[in-house]
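**Q** Dumping the structure here so I can ask a few things about it.
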Amino acid sequence: MSTDITCPTCGTVSHFEEMGRDAASFCRTCDYPLFWARSAQLAATGAGGDAGLRRLPGTAGRMAVATLECPACTEPNLVTAAICIRCGADLHPAPVIQAPPPPEPTVTYMPPPPPPPPAKRVIWPWVLLVLGLVIGLVLLVVLVAT
């Protein structure tokens with residue numbers, strides 16, 4: 001039976017002689033699995049029903065209501081599956097633990113050091129110099145007067 005299936009994601013119409021779950025059953029434009037899309041003939045006639053959409057391939061397939069999205073390719077998979085039916089990625093990867101960010105540096109206020117004490121003025125050398133000049137002047141006056 002040949003069917004025309006319109007991709008529900010991008011709208012590309014694909015023609016299939018026989019529909020199966022293989023690499024040829026994906027949309028050539030957006031890579032959507034067309035074996036899950038309803039054909040235009042089934043949609044027009046109203047056949048298929050909701051149960052047919054959720055049934056696994058085959059006439060006696062189980063109902064597949066709950067699905068788990070693949071973390072790598074977002075393909076819906078059975079909840080009990082361990083690897084993706086499309087890309088083979090692990091459906092339950094170990095959680096990535098991120099290291100905590102480094103702590104922000106703490107800014108501590110350090111007051112500037114106190115200014116050095118003012119230098120003490122030493123007056124005694126000046127006093128000795130003036131005293132020496134006065135004594136020298138007195139001696140000079142005494143020597144000149146004699």
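In the structure tokens, the first chain shown is A, the next is B, and so on; residue numbers restart at 1 for each chain, and ligands run from 1 in the order shown.
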I'd like to know which residues of chain A are strand (DSSP E) (by DSSP, run on the backbone); could you write them as a PyMOL selection string?
**A** chain A and resi 3-6+13-16+67-69+76-78
**Q** For Ser2 of chain A, please output as a PyMOL selection string all residues within 7 Å (counting only C-alpha atoms; exclusion window: fewer than 2 positions along the same chain).
**A** chain A and resi 16-18
**Q** Need to verify the contact set: Cys30 of chain A, 9 Å, only C-alpha atoms, exclusion of same-chain residues closer than 6 positions in sequence. Can you return it as a PyMOL selection string?
**A** chain A and resi 7+9-10+12
**Q** Those residues with all heavy atoms, as a PDB file, in the first residue's frame please?
**A**
ATOM      1  N   CYS A   7       4.916  15.575   6.921  1.00  0.00           N
ATOM      2  CA  CYS A   7       5.674  15.711   8.164  1.00  0.00           C
ATOM      3  C   CYS A   7       4.980  16.737   9.056  1.00  0.00           C
ATOM      4  O   CYS A   7       4.730  17.863   8.633  1.00  0.00           O
ATOM      5  CB  CYS A   7       7.105  16.148   7.868  1.00  0.00           C
ATOM      6  SG  CYS A   7       8.091  16.395   9.353  1.00  0.00           S
ATOM      7  N   THR A   9       6.174  18.324  11.495  1.00  0.00           N
ATOM      8  CA  THR A   9       7.098  19.360  11.941  1.00  0.00           C
ATOM      9  C   THR A   9       7.350  20.415  10.869  1.00  0.00           C
ATOM     10  O   THR A   9       7.217  21.600  11.113  1.00  0.00           O
ATOM     11  CB  THR A   9       8.442  18.731  12.361  1.00  0.00           C
ATOM     12  OG1 THR A   9       8.180  17.729  13.321  1.00  0.00           O
ATOM     13  CG2 THR A   9       9.371  19.770  12.954  1.00  0.00           C
ATOM     14  N   CYS A  10       7.722  19.968   9.656  1.00  0.00           N
ATOM     15  CA  CYS A  10       8.100  20.936   8.619  1.00  0.00           C
ATOM     16  C   CYS A  10       7.119  20.991   7.453  1.00  0.00           C
ATOM     17  O   CYS A  10       7.207  21.896   6.617  1.00  0.00           O
ATOM     18  CB  CYS A  10       9.504  20.630   8.099  1.00  0.00           C
ATOM     19  SG  CYS A  10       9.624  19.077   7.195  1.00  0.00           S
ATOM     20  N   THR A  12       6.792  18.772   4.934  1.00  0.00           N
ATOM     21  CA  THR A  12       7.266  18.111   3.721  1.00  0.00           C
ATOM     22  C   THR A  12       6.433  16.857   3.486  1.00  0.00           C
ATOM     23  O   THR A  12       6.205  16.067   4.393  1.00  0.00           O
ATOM     24  CB  THR A  12       8.753  17.723   3.864  1.00  0.00           C
ATOM     25  OG1 THR A  12       9.495  18.892   4.161  1.00  0.00           O
ATOM     26  CG2 THR A  12       9.285  17.086   2.601  1.00  0.00           C
TER      27      THR A  12
END
**Q** Which residues, written as a JSON list (two decimals) with N, CA and C atoms, in the first residue's frame, have at least one atom at most 9 Å from Tyr32 of chain A, with only C-alpha atoms counted and residues fewer than 3 positions away on the same chain left out?
**A**
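Output below, filename around35.json:
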[["chain", "number", "residue", "atom", "x", "y", "z"],
["A", 7, "CYS", "N", 4.92, 15.58, 6.92],
["A", 7, "CYS", "CA", 5.67, 15.71, 8.16],
["A", 7, "CYS", "C", 4.98, 16.74, 9.06],
["A", 8, "PRO", "N", 4.64, 16.39, 10.30],
["A", 8, "PRO", "CA", 3.96, 17.34, 11.18],
["A", 8, "PRO", "C", 4.87, 18.48, 11.64],
["A", 9, "THR", "N", 6.17, 18.32, 11.49],
["A", 9, "THR", "CA", 7.10, 19.36, 11.94],
["A", 9, "THR", "C", 7.35, 20.42, 10.87],
["A", 10, "CYS", "N", 7.72, 19.97, 9.66],
["A", 10, "CYS", "CA", 8.10, 20.94, 8.62],
["A", 10, "CYS", "C", 7.12, 20.99, 7.45],
["A", 25, "SER", "N", 12.48, 5.92, 6.82],
["A", 25, "SER", "CA", 11.18, 6.38, 7.29],
["A", 25, "SER", "C", 11.25, 7.69, 8.07],
["A", 26, "PHE", "N", 12.34, 8.40, 7.96],
["A", 26, "PHE", "CA", 12.49, 9.70, 8.62],
["A", 26, "PHE", "C", 12.35, 10.80, 7.57],
["A", 27, "CYS", "N", 11.87, 11.96, 7.99],
["A", 27, "CYS", "CA", 11.71, 13.10, 7.08],
["A", 27, "CYS", "C", 13.08, 13.53, 6.56],
["A", 28, "ARG", "N", 13.16, 13.76, 5.25],
["A", 28, "ARG", "CA", 14.44, 14.13, 4.64],
["A", 28, "ARG", "C", 14.83, 15.58, 4.96],
["A", 29, "THR", "N", 13.87, 16.40, 5.38],
["A", 29, "THR", "CA", 14.15, 17.80, 5.68],
["A", 29, "THR", "C", 14.52, 18.02, 7.15],
["A", 35, "PHE", "N", 7.17, 7.37, 10.73],
["A", 35, "PHE", "CA", 6.35, 6.21, 11.06],
["A", 35, "PHE", "C", 5.45, 6.50, 12.24],
["A", 36, "TRP", "N", 5.62, 7.63, 12.91],
["A", 36, "TRP", "CA", 4.71, 8.03, 13.98],
["A", 36, "TRP", "C", 3.67, 9.02, 13.50],
["A", 37, "ALA", "N", 3.84, 9.56, 12.30],
["A", 37, "ALA", "CA", 2.89, 10.55, 11.79],
["A", 37, "ALA", "C", 1.73, 9.81, 11.11],
["A", 75, "GLU", "N", 14.13, 12.16, 20.59],
["A", 75, "GLU", "CA", 13.27, 11.10, 20.07],
["A", 75, "GLU", "C", 12.44, 10.51, 21.21]]
**Q** Atom CA of Met19 of chain A to atom CA of Thr3 of chain A: how many Å, to one decimal?
**A**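 Here the two named atoms are 8.2 Å from each other.
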**Q** Apply DSSP to the backbone of this structure and, from chain A, keep only the residues in alpha helix (DSSP H); write these as a ChimeraX atom specification.
**A** /A:40-45,49-54,124-145
